[in-house]
>>> print(open('upload_9.csv').read())   # CSV, C-alpha atoms
chain,number,residue,atom,x,y,z
A,27,MET,CA,-15.1,16.2,3.8
A,28,LYS,CA,-12.8,19.1,4.8
A,29,TYR,CA,-9.2,18.7,3.4
A,30,ILE,CA,-10.4,16.1,0.9
A,31,ASP,CA,-13.0,17.7,-1.3
A,32,GLU,CA,-10.8,20.8,-2.0
A,33,TYR,CA,-8.2,18.5,-3.6
A,34,ARG,CA,-10.8,17.2,-6.0
A,35,ASP,CA,-11.8,20.6,-7.4
A,36,ILE,CA,-12.3,20.2,-11.2
A,37,ASN,CA,-11.1,23.8,-11.8
A,38,VAL,CA,-7.8,23.0,-10.1
A,39,VAL,CA,-7.5,19.7,-12.0
A,40,LYS,CA,-8.0,21.6,-15.3
A,41,ALA,CA,-5.6,24.3,-14.4
A,42,LEU,CA,-2.9,21.8,-13.4
A,43,THR,CA,-3.3,19.8,-16.6
A,44,THR,CA,-2.9,22.9,-18.7
A,45,LYS,CA,0.2,23.7,-16.8
A,46,ILE,CA,1.6,20.2,-17.3
A,47,GLN,CA,0.9,20.5,-21.0
A,48,LYS,CA,3.0,23.7,-21.1
A,49,VAL,CA,5.9,22.2,-19.3
A,50,VAL,CA,6.2,18.9,-21.1
A,51,LYS,CA,8.7,19.0,-24.1
A,52,HIS,CA,9.9,15.4,-24.3
A,53,PRO,CA,8.4,11.9,-23.8
A,54,TRP,CA,8.7,10.6,-20.2
A,55,ASN,CA,7.8,7.4,-18.4
A,56,ILE,CA,6.9,7.9,-14.8
A,57,MET,CA,5.9,5.3,-12.3
A,58,GLU,CA,3.5,5.7,-9.4
A,59,ILE,CA,4.6,3.1,-6.8
A,60,CYS,CA,1.5,3.0,-4.7
A,61,GLY,CA,-1.6,1.0,-5.6
A,62,GLY,CA,-3.8,3.7,-3.9
A,63,GLN,CA,-2.5,6.2,-6.4
A,64,THR,CA,-3.0,3.8,-9.3
A,65,HIS,CA,-6.6,3.5,-8.2
A,66,SER,CA,-7.1,7.3,-8.1
A,67,ILE,CA,-5.5,7.7,-11.5
A,68,MET,CA,-7.9,5.3,-13.0
A,69,LYS,CA,-10.9,6.5,-11.0
A,70,TYR,CA,-10.5,10.1,-12.1
A,71,ASN,CA,-9.3,9.1,-15.6
A,72,LEU,CA,-6.2,11.3,-15.1
A,73,SER,CA,-4.1,9.8,-17.9
A,74,GLU,CA,-6.7,11.1,-20.4
A,75,PHE,CA,-6.0,14.7,-19.2
A,76,LEU,CA,-2.3,14.3,-19.7
A,77,PRO,CA,-0.2,15.1,-22.8
A,78,GLU,CA,0.6,12.1,-25.0
A,79,GLN,CA,4.3,12.3,-24.2
A,80,LEU,CA,3.7,11.3,-20.6
A,81,SER,CA,3.2,7.6,-19.9
A,82,LEU,CA,2.1,6.6,-16.4
A,83,VAL,CA,3.4,3.2,-15.4
A,84,HIS,CA,1.9,1.4,-12.4
A,85,GLY,CA,4.2,0.0,-9.8
A,86,PRO,CA,4.3,-2.9,-7.3
A,87,GLY,CA,2.7,-1.0,-4.4
A,88,CYS,CA,-0.3,-3.3,-3.8
A,89,PRO,CA,0.3,-5.4,-0.7
A,90,VAL,CA,-2.4,-7.9,-1.5
A,91,CYS,CA,-0.9,-8.4,-5.0
A,92,VAL,CA,2.7,-9.0,-3.9
A,93,THR,CA,1.9,-11.4,-1.0
A,94,SER,CA,3.6,-14.6,-2.1
A,95,LEU,CA,1.7,-17.7,-3.1
A,96,GLU,CA,3.6,-19.6,-0.5
A,97,LYS,CA,2.3,-17.4,2.3
A,98,ILE,CA,-1.3,-17.6,1.0
A,99,ASP,CA,-1.0,-21.4,0.9
A,100,LYS,CA,0.3,-21.3,4.5
A,101,ALA,CA,-2.7,-19.2,5.5
A,102,LEU,CA,-5.0,-21.7,3.8
A,103,ALA,CA,-3.3,-24.6,5.6
A,104,MET,CA,-3.7,-22.8,9.0
A,105,ALA,CA,-7.3,-22.0,8.3
A,106,GLN,CA,-8.0,-25.7,7.9
A,107,MET,CA,-6.4,-26.5,11.3
A,108,LYS,CA,-8.6,-27.4,14.3
A,109,ASP,CA,-9.6,-24.5,16.6
A,110,VAL,CA,-8.0,-21.8,14.4
A,111,ILE,CA,-9.7,-18.6,13.5
A,112,LEU,CA,-7.9,-17.1,10.5
A,113,VAL,CA,-8.3,-13.3,10.4
A,114,SER,CA,-7.2,-10.8,7.7
A,115,PHE,CA,-8.2,-7.8,5.7
A,116,GLY,CA,-11.2,-8.3,3.2
A,117,ASP,CA,-9.2,-8.4,0.0
A,118,MET,CA,-6.9,-11.1,1.3
A,119,LEU,CA,-9.8,-13.6,1.6
A,120,ARG,CA,-10.4,-13.6,-2.2
A,121,VAL,CA,-6.8,-13.9,-3.4
A,122,PRO,CA,-6.2,-17.2,-5.2
A,123,GLY,CA,-3.7,-19.7,-3.6
A,124,SER,CA,-2.5,-22.8,-5.4
A,125,GLU,CA,-5.7,-24.8,-4.8
A,126,SER,CA,-8.2,-22.6,-3.1
A,127,ASP,CA,-8.8,-19.2,-1.4
A,128,LEU,CA,-9.7,-18.2,2.1
A,129,LEU,CA,-13.3,-17.4,1.2
A,130,ARG,CA,-13.8,-20.8,-0.3
A,131,GLU,CA,-12.4,-22.4,2.8
A,132,LYS,CA,-14.8,-20.4,4.9
A,133,SER,CA,-17.7,-21.7,2.8
A,134,LYS,CA,-16.5,-25.2,3.5
A,135,GLY,CA,-16.7,-24.5,7.3
A,136,ALA,CA,-13.3,-22.9,8.2
A,137,ASP,CA,-13.6,-20.0,10.7
A,138,VAL,CA,-12.3,-17.1,8.5
A,139,ARG,CA,-13.0,-13.6,9.5
A,140,MET,CA,-12.4,-10.2,8.0
A,141,VAL,CA,-11.3,-7.2,10.0
A,142,TYR,CA,-10.7,-3.5,9.5
A,143,SER,CA,-7.7,-3.3,11.8
A,144,PRO,CA,-5.2,-5.7,13.4
A,145,LEU,CA,-6.4,-4.4,16.7
A,146,ASP,CA,-9.8,-6.0,16.0
A,147,ALA,CA,-8.0,-9.4,15.6
A,148,VAL,CA,-6.5,-8.9,19.1
A,149,ARG,CA,-10.0,-8.4,20.4
A,150,ILE,CA,-11.2,-11.6,18.7
A,151,ALA,CA,-8.3,-13.4,20.5
A,152,SER,CA,-9.3,-12.0,23.8
A,153,ASP,CA,-12.9,-12.9,23.3
A,154,ASN,CA,-12.1,-16.5,22.2
A,155,PRO,CA,-9.5,-17.8,24.7
A,156,HIS,CA,-10.1,-21.4,23.6
A,157,LYS,CA,-9.3,-20.7,20.0
A,158,ASN,CA,-6.0,-19.9,18.3
A,159,ILE,CA,-6.2,-16.6,16.3
A,160,VAL,CA,-3.9,-16.2,13.2
A,161,PHE,CA,-3.8,-12.7,11.9
A,162,PHE,CA,-2.5,-12.7,8.3
A,163,ALA,CA,-0.5,-9.5,8.5
A,164,ILE,CA,0.1,-8.0,5.1
A,165,GLY,CA,1.1,-4.4,4.2
A,166,PHE,CA,3.7,-1.9,3.5
A,167,GLU,CA,5.3,0.6,6.0
A,168,THR,CA,1.9,2.2,6.5
A,169,THR,CA,0.4,-1.0,8.0
A,170,ALA,CA,3.5,-2.4,9.7
A,171,PRO,CA,3.2,-0.1,12.7
A,172,VAL,CA,-0.3,-1.2,13.6
A,173,ASN,CA,0.6,-4.9,12.9
A,174,ALA,CA,3.4,-4.3,15.5
A,175,LEU,CA,1.1,-2.6,17.9
A,176,SER,CA,-1.3,-5.7,17.7
A,177,VAL,CA,1.6,-7.9,18.9
A,178,ILE,CA,2.4,-5.5,21.7
A,179,ARG,CA,-1.2,-5.3,22.8
A,180,ALA,CA,-1.5,-9.1,22.8
A,181,LYS,CA,1.7,-9.3,25.0
A,182,GLN,CA,0.3,-6.6,27.4
A,183,LEU,CA,-3.0,-8.6,27.6
A,184,ARG,CA,-0.9,-11.8,28.2
A,185,LEU,CA,-2.7,-13.6,25.3
A,186,ASN,CA,-1.2,-16.9,24.4
A,187,ASN,CA,-3.6,-17.5,21.5
A,188,TYR,CA,-2.7,-14.6,19.2
A,189,PHE,CA,-0.3,-15.2,16.3
A,190,ILE,CA,0.7,-13.3,13.2
A,191,LEU,CA,1.5,-14.7,9.8
A,192,SER,CA,3.8,-11.9,8.5
A,193,SER,CA,3.9,-10.9,4.9
A,194,GLN,CA,5.0,-7.3,5.2
A,195,VAL,CA,7.0,-5.5,2.5
A,196,LEU,CA,9.0,-2.3,2.1
A,197,VAL,CA,8.9,0.2,-0.7
A,198,PRO,CA,12.6,1.4,-1.2
A,199,PRO,CA,13.9,-2.2,-2.1
A,200,ALA,CA,11.1,-2.6,-4.6
A,201,ILE,CA,12.1,0.8,-6.3
A,202,LYS,CA,15.7,-0.4,-6.4
A,203,MET,CA,14.5,-3.7,-8.1
A,204,VAL,CA,12.5,-1.7,-10.7
A,205,LEU,CA,15.5,0.5,-11.5
A,206,GLU,CA,17.8,-2.5,-11.8
A,207,LEU,CA,15.5,-4.4,-14.3
A,208,GLU,CA,17.1,-4.8,-17.7
A,209,ASP,CA,14.1,-3.6,-19.6
A,210,SER,CA,13.1,-0.8,-17.1
A,211,SER,CA,12.1,2.4,-18.8
A,212,ILE,CA,11.1,4.4,-15.7
A,213,GLN,CA,12.6,7.9,-15.6
A,214,GLY,CA,10.9,9.3,-12.5
A,215,PHE,CA,8.8,8.3,-9.6
A,216,LEU,CA,5.7,9.5,-7.7
A,217,ALA,CA,6.6,8.4,-4.2
A,218,PRO,CA,3.9,7.0,-1.9
A,219,GLY,CA,2.6,9.6,0.5
A,220,HIS,CA,1.2,7.5,3.3
A,221,VAL,CA,4.3,5.2,3.4
A,222,CYS,CA,6.5,8.4,3.6
A,223,ALA,CA,4.2,9.7,6.4
A,224,ILE,CA,5.7,6.9,8.5
A,225,THR,CA,9.2,6.5,7.1
A,226,GLY,CA,10.0,10.1,6.0
A,227,TYR,CA,12.0,10.4,2.8
A,228,ASN,CA,15.7,10.1,3.6
A,229,GLU,CA,15.9,6.7,1.9
A,230,TYR,CA,14.5,8.3,-1.3
A,231,VAL,CA,17.2,10.9,-1.3
A,232,PHE,CA,19.7,8.1,-1.3
A,233,LEU,CA,17.9,6.4,-4.2
A,234,ALA,CA,17.6,9.6,-6.2
A,235,THR,CA,21.4,10.3,-5.8
A,236,LYS,CA,22.5,6.7,-6.5
A,237,PHE,CA,20.3,6.1,-9.6
A,238,ARG,CA,20.0,9.8,-10.7
A,239,VAL,CA,16.2,9.6,-10.9
A,240,PRO,CA,13.8,12.2,-9.5
A,241,PHE,CA,11.1,11.5,-6.9
A,242,VAL,CA,8.1,13.6,-5.9
A,243,ILE,CA,6.1,12.6,-2.9
A,244,THR,CA,2.4,13.0,-3.5
A,245,GLY,CA,-1.0,12.3,-2.0
A,246,PHE,CA,-4.0,10.5,-3.4
A,247,GLU,CA,-6.5,13.1,-4.5
A,248,PRO,CA,-6.6,14.1,-8.2
A,249,ALA,CA,-5.1,17.6,-7.6
A,250,ASP,CA,-2.3,16.1,-5.4
A,251,ILE,CA,-1.4,13.6,-8.1
A,252,LEU,CA,-1.4,16.2,-10.9
A,253,LYS,CA,0.7,18.6,-8.8
A,254,GLY,CA,3.1,15.7,-8.2
A,255,ILE,CA,3.3,15.0,-11.9
A,256,LEU,CA,3.9,18.7,-12.7
A,257,THR,CA,6.8,18.9,-10.2
A,258,LEU,CA,8.2,15.7,-11.5
A,259,VAL,CA,8.0,16.7,-15.1
A,260,ARG,CA,9.8,20.0,-14.3
A,261,GLN,CA,12.6,18.0,-12.7
A,262,LEU,CA,12.8,15.7,-15.8
A,263,GLU,CA,12.8,18.6,-18.3
A,264,GLU,CA,15.5,20.5,-16.3
A,265,GLY,CA,17.6,17.3,-15.9
A,266,ARG,CA,17.4,17.3,-12.0
A,267,SER,CA,17.1,14.2,-9.9
A,268,GLU,CA,16.0,15.4,-6.5
A,269,VAL,CA,13.4,14.4,-3.9
A,270,GLU,CA,10.6,17.0,-3.6
A,271,ASN,CA,7.7,16.8,-1.2
A,272,GLU,CA,4.2,17.8,-2.6
A,273,TYR,CA,2.4,16.2,0.3
A,274,ARG,CA,3.6,18.5,3.0
A,275,ARG,CA,0.3,18.4,4.9
A,276,VAL,CA,1.1,14.8,5.8
A,277,VAL,CA,4.7,14.0,5.2
A,278,SER,CA,7.8,15.3,7.0
A,279,LYS,CA,11.4,14.5,6.2
A,280,ASP,CA,11.9,12.2,9.1
A,281,GLY,CA,8.4,10.6,9.2
A,282,ASN,CA,6.8,9.4,12.4
A,283,GLN,CA,9.7,8.2,14.6
A,284,HIS,CA,7.3,6.7,17.3
A,285,ALA,CA,5.7,4.4,14.7
A,286,LEU,CA,9.1,3.5,13.0
A,287,LYS,CA,10.5,2.5,16.4
A,288,MET,CA,7.5,0.2,17.1
A,289,ILE,CA,8.0,-1.5,13.7
A,290,TYR,CA,11.6,-2.4,14.4
A,291,ASP,CA,10.9,-3.3,18.1
A,292,VAL,CA,8.7,-6.2,16.9
A,293,PHE,CA,10.0,-6.9,13.4
A,294,GLU,CA,13.3,-7.2,11.6
A,295,LEU,CA,14.4,-7.2,8.0
A,296,THR,CA,14.3,-10.3,6.0
A,297,ASP,CA,14.7,-11.4,2.3
A,298,GLN,CA,11.1,-11.5,1.1
A,299,GLU,CA,9.5,-13.2,-1.9
A,300,TRP,CA,7.2,-10.8,-3.9
A,301,ARG,CA,4.5,-12.6,-5.9
A,302,GLY,CA,5.3,-12.6,-9.6
A,303,ILE,CA,8.6,-10.9,-9.0
A,304,GLY,CA,10.8,-13.2,-6.8
A,305,ILE,CA,12.9,-12.7,-3.8
A,306,ILE,CA,14.1,-9.1,-3.1
A,307,PRO,CA,16.9,-8.9,-0.5
A,308,GLU,CA,16.0,-7.2,2.8
A,309,SER,CA,12.6,-6.1,1.5
A,310,GLY,CA,10.4,-7.7,4.1
A,311,LEU,CA,9.7,-7.8,7.8
A,312,LYS,CA,9.6,-10.9,10.0
A,313,VAL,CA,8.8,-11.3,13.7
A,314,ARG,CA,11.9,-10.8,15.9
A,315,GLU,CA,13.1,-13.7,18.1
A,316,GLU,CA,11.9,-11.9,21.3
A,317,TYR,CA,8.4,-12.1,20.0
A,318,SER,CA,8.6,-15.5,18.4
A,319,GLY,CA,5.8,-16.8,20.7
A,320,PHE,CA,3.5,-14.7,18.5
A,321,ASP,CA,4.9,-15.9,15.2
A,322,ALA,CA,2.3,-18.2,13.4
A,323,GLU,CA,4.9,-19.8,11.2
A,324,LYS,CA,7.0,-20.9,14.2
A,325,HIS,CA,3.9,-22.1,16.2
A,326,PHE,CA,2.0,-24.0,13.6
A,327,ASN,CA,4.9,-25.0,11.4
A,328,PRO,CA,2.8,-25.5,8.3
A,329,GLY,CA,5.9,-27.0,6.5
A,330,THR,CA,6.8,-26.3,2.9
A,331,VAL,CA,3.9,-26.0,0.5
A,332,ASN,CA,4.1,-26.8,-3.1
A,333,ALA,CA,2.9,-23.4,-4.6
A,334,ARG,CA,1.7,-23.3,-8.2
A,335,GLU,CA,0.8,-20.2,-10.3
A,336,SER,CA,-1.9,-20.1,-13.0
A,337,GLY,CA,-0.2,-20.4,-16.4
A,338,THR,CA,-1.8,-17.4,-18.3
A,339,CYS,CA,-1.6,-14.7,-15.7
A,340,ILE,CA,1.1,-12.0,-16.3
A,341,ALA,CA,0.8,-10.4,-12.8
A,342,GLY,CA,4.5,-10.4,-12.4
A,343,ARG,CA,5.2,-8.3,-15.5
A,344,ILE,CA,2.3,-5.9,-14.5
A,345,LEU,CA,3.7,-5.5,-10.9
A,346,GLN,CA,7.1,-4.6,-12.3
A,347,GLY,CA,5.6,-2.0,-14.7
A,348,VAL,CA,6.8,-3.8,-17.8
A,349,SER,CA,3.2,-4.7,-19.1
A,350,LYS,CA,-0.2,-3.1,-18.7
A,351,PRO,CA,-3.3,-5.2,-17.8
A,352,PRO,CA,-5.0,-5.1,-21.3
A,353,GLU,CA,-1.9,-6.9,-22.7
A,354,CYS,CA,-2.9,-10.0,-20.7
A,355,LYS,CA,-4.9,-12.6,-22.7
A,356,ALA,CA,-7.0,-13.4,-19.7
A,357,PHE,CA,-7.8,-9.8,-18.7
A,358,GLY,CA,-11.6,-9.3,-18.7
A,359,ARG,CA,-12.2,-12.8,-20.1
A,360,GLU,CA,-11.2,-15.7,-17.7
A,361,CYS,CA,-9.9,-13.2,-15.2
A,362,ILE,CA,-12.4,-10.7,-13.7
A,363,PRO,CA,-12.9,-9.5,-10.1
A,364,GLU,CA,-15.5,-12.2,-9.3
A,365,HIS,CA,-13.1,-15.0,-10.3
A,366,PRO,CA,-9.6,-13.6,-10.5
A,367,LEU,CA,-6.6,-15.5,-11.8
A,368,GLY,CA,-4.1,-13.2,-10.2
A,369,ALA,CA,-4.0,-10.9,-7.2
A,370,PRO,CA,-3.9,-7.6,-9.1
A,371,MET,CA,-7.5,-8.3,-10.2
A,372,VAL,CA,-8.6,-8.8,-6.6
A,373,SER,CA,-7.4,-5.9,-4.7
A,374,PHE,CA,-8.9,-2.4,-4.8
A,375,GLU,CA,-5.3,-1.3,-5.2
A,376,GLY,CA,-4.4,-3.7,-8.0
A,377,ALA,CA,-3.8,-2.4,-11.5
A,378,CYS,CA,-5.9,-5.0,-13.2
A,379,SER,CA,-8.9,-4.4,-10.9
A,380,ALA,CA,-8.5,-0.6,-11.4
A,381,TYR,CA,-8.4,-1.0,-15.2
A,382,TYR,CA,-11.3,-3.4,-15.2
A,383,ARG,CA,-13.4,-1.2,-13.0
A,384,TYR,CA,-12.8,2.1,-14.8
A,385,LYS,CA,-11.5,1.3,-18.2
A,386,SER,CA,-13.5,-1.7,-19.5
A,387,SER,CA,-16.4,0.3,-20.9
B,18,MET,CA,-7.6,5.4,21.6
B,19,ALA,CA,-9.6,8.3,20.2
B,20,LYS,CA,-13.0,8.8,18.4
B,21,VAL,CA,-12.4,9.9,14.9
B,22,SER,CA,-15.2,11.1,12.6
B,23,PHE,CA,-15.0,9.9,9.0
B,24,ASN,CA,-17.4,12.3,7.5
B,25,GLY,CA,-19.8,11.8,10.4
B,26,VAL,CA,-19.1,8.1,11.0
B,27,LEU,CA,-17.4,7.7,14.3
B,28,LYS,CA,-14.6,5.0,14.8
B,29,ASP,CA,-12.2,4.2,17.6
B,30,ILE,CA,-8.7,4.8,16.3
B,31,SER,CA,-5.4,4.3,18.0
B,32,ILE,CA,-3.4,7.5,18.5
B,33,GLU,CA,-0.4,5.6,19.9
B,34,TRP,CA,2.1,7.5,17.6
B,35,VAL,CA,0.4,10.9,17.6
B,36,PRO,CA,0.3,11.6,21.4
B,37,GLU,CA,0.1,15.3,20.7
B,38,ALA,CA,-3.4,14.9,19.0
B,39,LYS,CA,-6.1,17.1,20.6
B,40,VAL,CA,-9.9,17.2,20.2
B,41,GLY,CA,-10.7,18.8,16.9
B,42,ASP,CA,-7.4,17.9,15.1
B,43,TYR,CA,-7.3,16.1,11.8
B,44,VAL,CA,-5.4,12.8,11.5
B,45,VAL,CA,-4.6,10.5,8.6
B,46,ALA,CA,-6.0,7.2,9.7
B,47,HIS,CA,-5.1,3.7,8.3
B,48,ALA,CA,-6.2,0.3,9.4
B,49,GLY,CA,-7.4,1.5,12.9
B,50,SER,CA,-4.4,3.8,13.7
B,51,ALA,CA,-3.5,7.4,13.1
B,52,LEU,CA,-0.3,7.6,11.0
B,53,THR,CA,0.2,11.3,11.6
B,54,LEU,CA,-1.5,14.6,12.3
B,55,LEU,CA,-2.7,16.6,9.3
B,56,ASN,CA,-0.7,19.8,9.2
B,57,THR,CA,-3.5,22.3,8.5
B,58,CYS,CA,-1.0,25.2,7.8
B,59,GLU,CA,0.6,23.2,5.0
B,60,ALA,CA,-2.8,22.1,3.8
B,61,GLU,CA,-3.9,25.7,3.5
B,62,GLU,CA,-0.7,26.7,1.8
B,63,THR,CA,-1.1,24.0,-0.8
B,64,LEU,CA,-4.7,25.1,-1.4
B,65,GLU,CA,-3.4,28.7,-1.9
B,66,ILE,CA,-0.9,27.5,-4.5
B,67,PHE,CA,-3.8,25.7,-6.2
B,68,ARG,CA,-5.9,29.0,-6.2
B,69,GLN,CA,-3.0,30.9,-7.7
B,70,ILE,CA,-2.5,28.2,-10.5
B,71,SER,CA,-6.3,28.3,-11.2
B,72,SER,CA,-6.4,32.0,-11.5
B,73,GLN,CA,-3.5,32.3,-14.0
>>> encode(input="upload_9.csv", output="structure tokens")
Amino acid sequence: MKYIDEYRDINVVKALTTKIQKVVKHPWNIMEICGGQTHSIMKYNLSEFLPEQLSLVHGPGCPVCVTSLEKIDKALAMAQMKDVILVSFGDMLRVPGSESDLLREKSKGADVRMVYSPLDAVRIASDNPHKNIVFFAIGFETTAPVNALSVIRAKQLRLNNYFILSSQVLVPPAIKMVLELEDSSIQGFLAPGHVCAITGYNEYVFLATKFRVPFVITGFEPADILKGILTLVRQLEEGRSEVENEYRRVVSKDGNQHALKMIYDVFELTDQEWRGIGIIPESGLKVREEYSGFDAEKHFNPGTVNARESGTCIAGRILQGVSKPPECKAFGRECIPEHPLGAPMVSFEGACSAYYRYKSS
Amino acid sequence: MAKVSFNGVLKDISIEWVPEAKVGDYVVAHAGSALTLLNTCEAEETLEIFRQISSQ
């Protein structure tokens, strides 16, 4: 496909890795925040092309992985309610809750459906006026605008049977959390291209200045990621801590203001629990009071659920970039994509799933 | 809404936040909506940088 294949050219990949090898003089730990980038790094085996001094650490940017157990248990409780159709993205259906997962509830008779877009969930609500539709809205700043749009569409259509269960998270507070960890070793970041397409990168300039760490915004194709690493390593070797944009075909400094406005018309900041990590202040988005009629938690009031994690899974340490998947005792044994113990083994963007898929052999 | 071709597969995608999109443009689409227009001048410039690096 045009403007994709060119960025996968093996000759460009080879030339960029040669260049990186020439520039690297010291050992560096760099984190890619976004799970989509983790997936590409594993799929194209990019770490094998890089000099030994460079260590790529995988960040918490997998929305399915960081959705709290409590929200998943609430989704499970709502799926079991009479006349509810529970709708979400495919990966969410397989993530283990305390006792069950959405796919298992579906096999027991619950009406659980998978969609490609939140706008499809609005269509299901309009086609099923006698049912209550709960859309389990997960995602980062890339998905928040279309989650917001779904609420606005439901309002325009005067639907009173469309609700969202919001578990939306923001990248900059997670970066701050990683940098403030006591055992954090991260010296530079590849910033997430598609999140920045919406938000722009002014907040990253603030983080770079405050914590004196460099950021390079990159895309998702192998040449994009390697060009990002090259630019980041140059900054590290020269002792700079700036924000540079290597995804200029998609990202502008101020992002997409129309989309940003829609996010904050419908949602507002909230302290959010990240699975395996804990509560990060003002790192999530909840439904504003004006739209509370669309808020599933307010309408169905599932109460408090007693969430319990599996004992062996080390997803939290993996999501914080402190451990890598093969360090987990369960990895590839009790925990595989067909029966995952933790969310990073479920999602396409999860580090465990990416390692299992591309590194197990 | 707009018809977007994903390598030949057509999908209806919301262009709510890219009102300037015209027929023939490239967009970055995610979960049923276009996040932004692809800036083809910048895309070509990056490819030119890649060509220069490859020929060194």
>>> residues_near_point(input="upload_9.csv", point="(-6.2, 4.7, 16.3)", cutoff="10 Å", atoms="all atoms listed in the file", output="list in words")
Ser143, Leu145 and Val172 of chain A; Met18, Ala19, Lys20, Val21, Lys28, Asp29, Ile30, Ser31, Ile32, Glu33, Trp34, Val35, Val44, Val45, Ala46, His47, Ala48, Gly49, Ser50, Ala51 and Leu52 of chain B
>>> residues_near_point(input="upload_9.csv", point="(-3.7, -15.7, -2.3)", cutoff="7 Å", atoms="all atoms listed in the file", output="ChimeraX atom specification")
/A:95,98,118,121-123,127,369
>>> interface_residues(input="upload_9.csv", of="chain A", to="chain B", cutoff="7 Å", atoms="all atoms listed in the file", output="number ranges by chain")
A: 27, 37-38, 41, 142-143, 169, 172, 223-224, 274-276, 282, 284-285
>>> atom_distance(input="upload_9.csv", atom1="CA of Val372 (chain A)", atom2="CA of Glu131 (chain A)")
17.0 Å
>>> atom_distance(input="upload_9.csv", atom1="CA of Asp31 (chain A)", atom2="CA of Gly245 (chain A)")
13.2 Å
>>> residues_around(input="upload_9.csv", residues="Thr225 (chain A)", least_positions_apart="5", cutoff="12 Å", atoms="all atoms listed in the file", output="PyMOL selection string")
(chain A and resi 166-171+196-198+217-220+230+276-290) or (chain B and resi 52-53)
>>> atom_distance(input="upload_9.csv", atom1="CA of Val292 (chain A)", atom2="CA of Ala180 (chain A)")
12.1 Å
>>> closest_residue(input="upload_9.csv", among="A:Arg334, A:His52, A:Arg184, A:Lys385", to="Gly368 (chain A)", atoms="only C-alpha atoms")
A:Arg334
>>> closest_residue(input="upload_9.csv", among="A:Arg260, A:Arg139, A:Lys28, A:Lys355", to="Ala105 (chain A)", atoms="only C-alpha atoms")
A:Arg139
>>> residues_around(input="upload_9.csv", residues="Asp117 (chain A)", least_positions_apart="2", cutoff="8 Å", atoms="all atoms listed in the file", output="list in words")
Val90, Phe115, Leu119, Arg120, Val121, Val372, Ser373 and Phe374 of chain A
>>> decode(input="upload_9.csv", residues="region 43-65 of chain B", atoms="C-alpha atoms", output="short mmCIF file (atom, residue, chain, number, x, y, z; two decimals), in the first residue's frame")
data_model
loop_
_atom_site.label_atom_id
_atom_site.label_comp_id
_atom_site.auth_asym_id
_atom_site.auth_seq_id
_atom_site.Cartn_x
_atom_site.Cartn_y
_atom_site.Cartn_z
CA TYR B 43 -4.77 9.76 2.40
CA VAL B 44 -5.91 9.66 6.02
CA VAL B 45 -4.71 7.83 9.13
CA ALA B 46 -7.79 5.87 10.25
CA HIS B 47 -8.31 4.28 13.65
CA ALA B 48 -11.40 2.54 15.09
CA GLY B 49 -13.71 3.94 12.41
CA SER B 50 -12.52 7.53 12.34
CA ALA B 51 -9.81 9.49 10.55
CA LEU B 52 -7.29 10.93 13.04
CA THR B 53 -5.62 13.22 10.56
CA LEU B 54 -4.77 13.78 6.92
CA LEU B 55 -1.51 12.24 5.76
CA ASN B 56 0.82 15.07 4.74
CA THR B 57 2.16 13.73 1.44
CA CYS B 58 4.83 16.46 1.12
CA GLU B 59 6.29 15.42 4.47
CA ALA B 60 5.94 11.74 3.53
CA GLU B 61 7.97 12.33 0.34
CA GLU B 62 10.55 14.37 2.23
CA THR B 63 11.09 11.53 4.73
CA LEU B 64 11.44 9.07 1.84
CA GLU B 65 14.03 11.39 0.25
#
